[in-house]
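J.: Just passing along the structure, written as structure tokens.
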Amino acid sequence: MTARAIILGRVGFKEVKQTKNGNAMCKLSIATDRRWKDSSDNKCKETYWHSVTFFDKMADIADKYTEVGNQVYIEGNIQHKKVEDGGISKYYYSVMGTNIELLPNKKDDEEGDNSKGASFKTPTPAEDSHFDDVPF
């Protein structure tokens, strides 16, 4: 079983580094929001921040093609970590990204670039060449 997440939002922060094993890692902070009108008909907005981490080839793609402010569509697996803090259990949730779609931005459209963005996903064994070496 798995817990999946779909996030459509804007990149707010990007951090790129390598793991202890030397693998590429790209961590994105994605902003999503919820808008509504309250009982007095006032417009309200609440912003949520989501931590998404990509590894290996997907990390290279996220690093190369995303910039702060870009609109993205992300799919991934929900991960959680339990931390004890002064006898209180705290849970932190993040998303291990498996797919990313780069969506067109209003700024691009205004400048005449009507590109539709790009879509990338984690390779399956049939698509990834290093699986050709498996002896079965």
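So you can find residues: chains in the structure tokens are A, B, ... in the order shown, residues in each start at 1, and ligands are numbered from 1 in order.
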Using only C-alpha atoms, which protein or nucleic acid residues come within 10 Å of A:Phe54? Drop anything in the same chain fewer than 2 positions from it, and give the result as a list in words.
T.: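 Final neighbour list, sorted by chain and number: Val16, Ala24, Met25, Cys26, Lys27, Leu28, Val52, Asp56, Lys57, Met58, Ala59, Asp60, Ile61, Ala62, Asp63, Gly76, Val95, Met96, Gly97, Thr98, Asn99, Ile100 and Thr122 of chain A.
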J.: What does the file look like for those residues with C-alpha atoms, as a tab-separated table (two decimals), in the first residue's frame?
T.:
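Dumped everything to selection.tsv:
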```
chain	number	residue	atom	x	y	z
A	16	VAL	CA	20.04	21.17	-4.37
A	24	ALA	CA	21.63	14.03	-6.46
A	25	MET	CA	18.83	15.46	-4.31
A	26	CYS	CA	16.57	18.42	-5.05
A	27	LYS	CA	14.18	19.66	-2.38
A	28	LEU	CA	11.37	21.99	-3.43
A	52	VAL	CA	8.84	17.70	-2.02
A	56	ASP	CA	18.81	10.99	-8.86
A	57	LYS	CA	17.59	11.76	-12.43
A	58	MET	CA	14.41	13.43	-11.19
A	59	ALA	CA	16.51	15.67	-8.92
A	60	ASP	CA	18.62	16.73	-11.91
A	61	ILE	CA	15.46	17.51	-13.91
A	62	ALA	CA	13.85	19.46	-11.05
A	63	ASP	CA	17.08	21.42	-10.57
A	76	GLY	CA	4.68	11.43	-5.30
A	95	VAL	CA	6.43	14.07	-0.49
A	96	MET	CA	8.95	11.87	-2.30
A	97	GLY	CA	8.44	13.14	-5.85
A	98	THR	CA	8.03	10.64	-8.68
A	99	ASN	CA	6.56	12.83	-11.47
A	100	ILE	CA	6.78	16.51	-12.26
A	122	THR	CA	10.64	8.42	-12.67
```
J.: For a test of reading the model, state the distance in Å between atom CA of A:Ser29 and atom CA of A:Lys14, rounded to one decimal.
T.: 6.5 Å
J.: Quick one: residues within 8 Å of A:Lys45, only C-alpha atoms counted, chain neighbours fewer than 4 positions away excluded, as a PDB file with N, CA and C atoms, in the first residue's frame?
T.:
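The resulting file, result33.pdb, is reproduced below:
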```pdb
ATOM      1  N   ASP A  33      -2.750  27.183  -2.320  1.00  0.00           N
ATOM      2  CA  ASP A  33      -3.623  28.025  -1.501  1.00  0.00           C
ATOM      3  C   ASP A  33      -5.080  27.609  -1.620  1.00  0.00           C
ATOM      4  N   ARG A  34      -5.839  28.076  -0.662  1.00  0.00           N
ATOM      5  CA  ARG A  34      -7.277  27.835  -0.618  1.00  0.00           C
ATOM      6  C   ARG A  34      -7.928  29.202  -0.485  1.00  0.00           C
ATOM      7  N   ARG A  35      -8.929  29.458  -1.328  1.00  0.00           N
ATOM      8  CA  ARG A  35      -9.638  30.742  -1.319  1.00  0.00           C
ATOM      9  C   ARG A  35     -11.114  30.505  -1.046  1.00  0.00           C
ATOM     10  N   TRP A  36     -11.713  31.395  -0.292  1.00  0.00           N
ATOM     11  CA  TRP A  36     -13.133  31.297   0.020  1.00  0.00           C
ATOM     12  C   TRP A  36     -13.648  32.661   0.471  1.00  0.00           C
TER      13      TRP A  36
END
```
J.: Nearest residue to A:Ile30 out of A:Ser51, A:Ser119, A:Ser94, A:Asn70, using only C-alpha atoms?
T.: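 Answer, going by the shortest atom-to-atom distance: A:Ser51.
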J.: For atom CA of A:Lys20 and atom CA of A:Lys64, quote the distance in Å rounded to one decimal.
T.: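 Between these atoms lies a distance of 21.3 Å.
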J.: Do a neighbour search on A:Gln71 at 9 Å with only C-alpha atoms, toss out local chain neighbours closer than 6 positions, and write the hits as a PDB file with N, CA and C atoms, in the first residue's frame.
T.:
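Output contents, as saved in around33.pdb:
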```pdb
ATOM      1  N   LEU A   8      -0.496  20.770  -7.001  1.00  0.00           N
ATOM      2  CA  LEU A   8      -0.454  21.772  -8.061  1.00  0.00           C
ATOM      3  C   LEU A   8      -0.216  23.105  -7.376  1.00  0.00           C
ATOM      4  N   GLY A   9       0.970  23.674  -7.598  1.00  0.00           N
ATOM      5  CA  GLY A   9       1.311  24.908  -6.907  1.00  0.00           C
ATOM      6  C   GLY A   9       2.498  25.594  -7.544  1.00  0.00           C
ATOM      7  N   ARG A  10       3.077  26.515  -6.793  1.00  0.00           N
ATOM      8  CA  ARG A  10       4.230  27.278  -7.270  1.00  0.00           C
ATOM      9  C   ARG A  10       5.452  27.010  -6.409  1.00  0.00           C
ATOM     10  N   VAL A  11       6.615  26.953  -7.065  1.00  0.00           N
ATOM     11  CA  VAL A  11       7.875  26.735  -6.368  1.00  0.00           C
ATOM     12  C   VAL A  11       8.195  27.977  -5.547  1.00  0.00           C
ATOM     13  N   ILE A  30       6.719  23.843  -2.163  1.00  0.00           N
ATOM     14  CA  ILE A  30       5.651  24.187  -3.092  1.00  0.00           C
ATOM     15  C   ILE A  30       4.508  24.855  -2.326  1.00  0.00           C
ATOM     16  N   GLU A 101       5.460  17.921 -13.706  1.00  0.00           N
ATOM     17  CA  GLU A 101       5.092  18.588 -14.952  1.00  0.00           C
ATOM     18  C   GLU A 101       5.326  20.070 -14.759  1.00  0.00           C
ATOM     19  N   LEU A 102       6.047  20.654 -15.682  1.00  0.00           N
ATOM     20  CA  LEU A 102       6.303  22.090 -15.662  1.00  0.00           C
ATOM     21  C   LEU A 102       5.204  22.757 -16.454  1.00  0.00           C
ATOM     22  N   LEU A 103       4.424  23.586 -15.802  1.00  0.00           N
ATOM     23  CA  LEU A 103       3.266  24.201 -16.438  1.00  0.00           C
ATOM     24  C   LEU A 103       3.606  25.588 -16.956  1.00  0.00           C
ATOM     25  N   PRO A 104       2.895  26.042 -17.991  1.00  0.00           N
ATOM     26  CA  PRO A 104       3.136  27.386 -18.501  1.00  0.00           C
ATOM     27  C   PRO A 104       2.782  28.406 -17.433  1.00  0.00           C
ATOM     28  N   ASN A 105       3.514  29.491 -17.426  1.00  0.00           N
ATOM     29  CA  ASN A 105       3.286  30.553 -16.458  1.00  0.00           C
ATOM     30  C   ASN A 105       2.691  31.760 -17.147  1.00  0.00           C
TER      31      ASN A 105
END
```
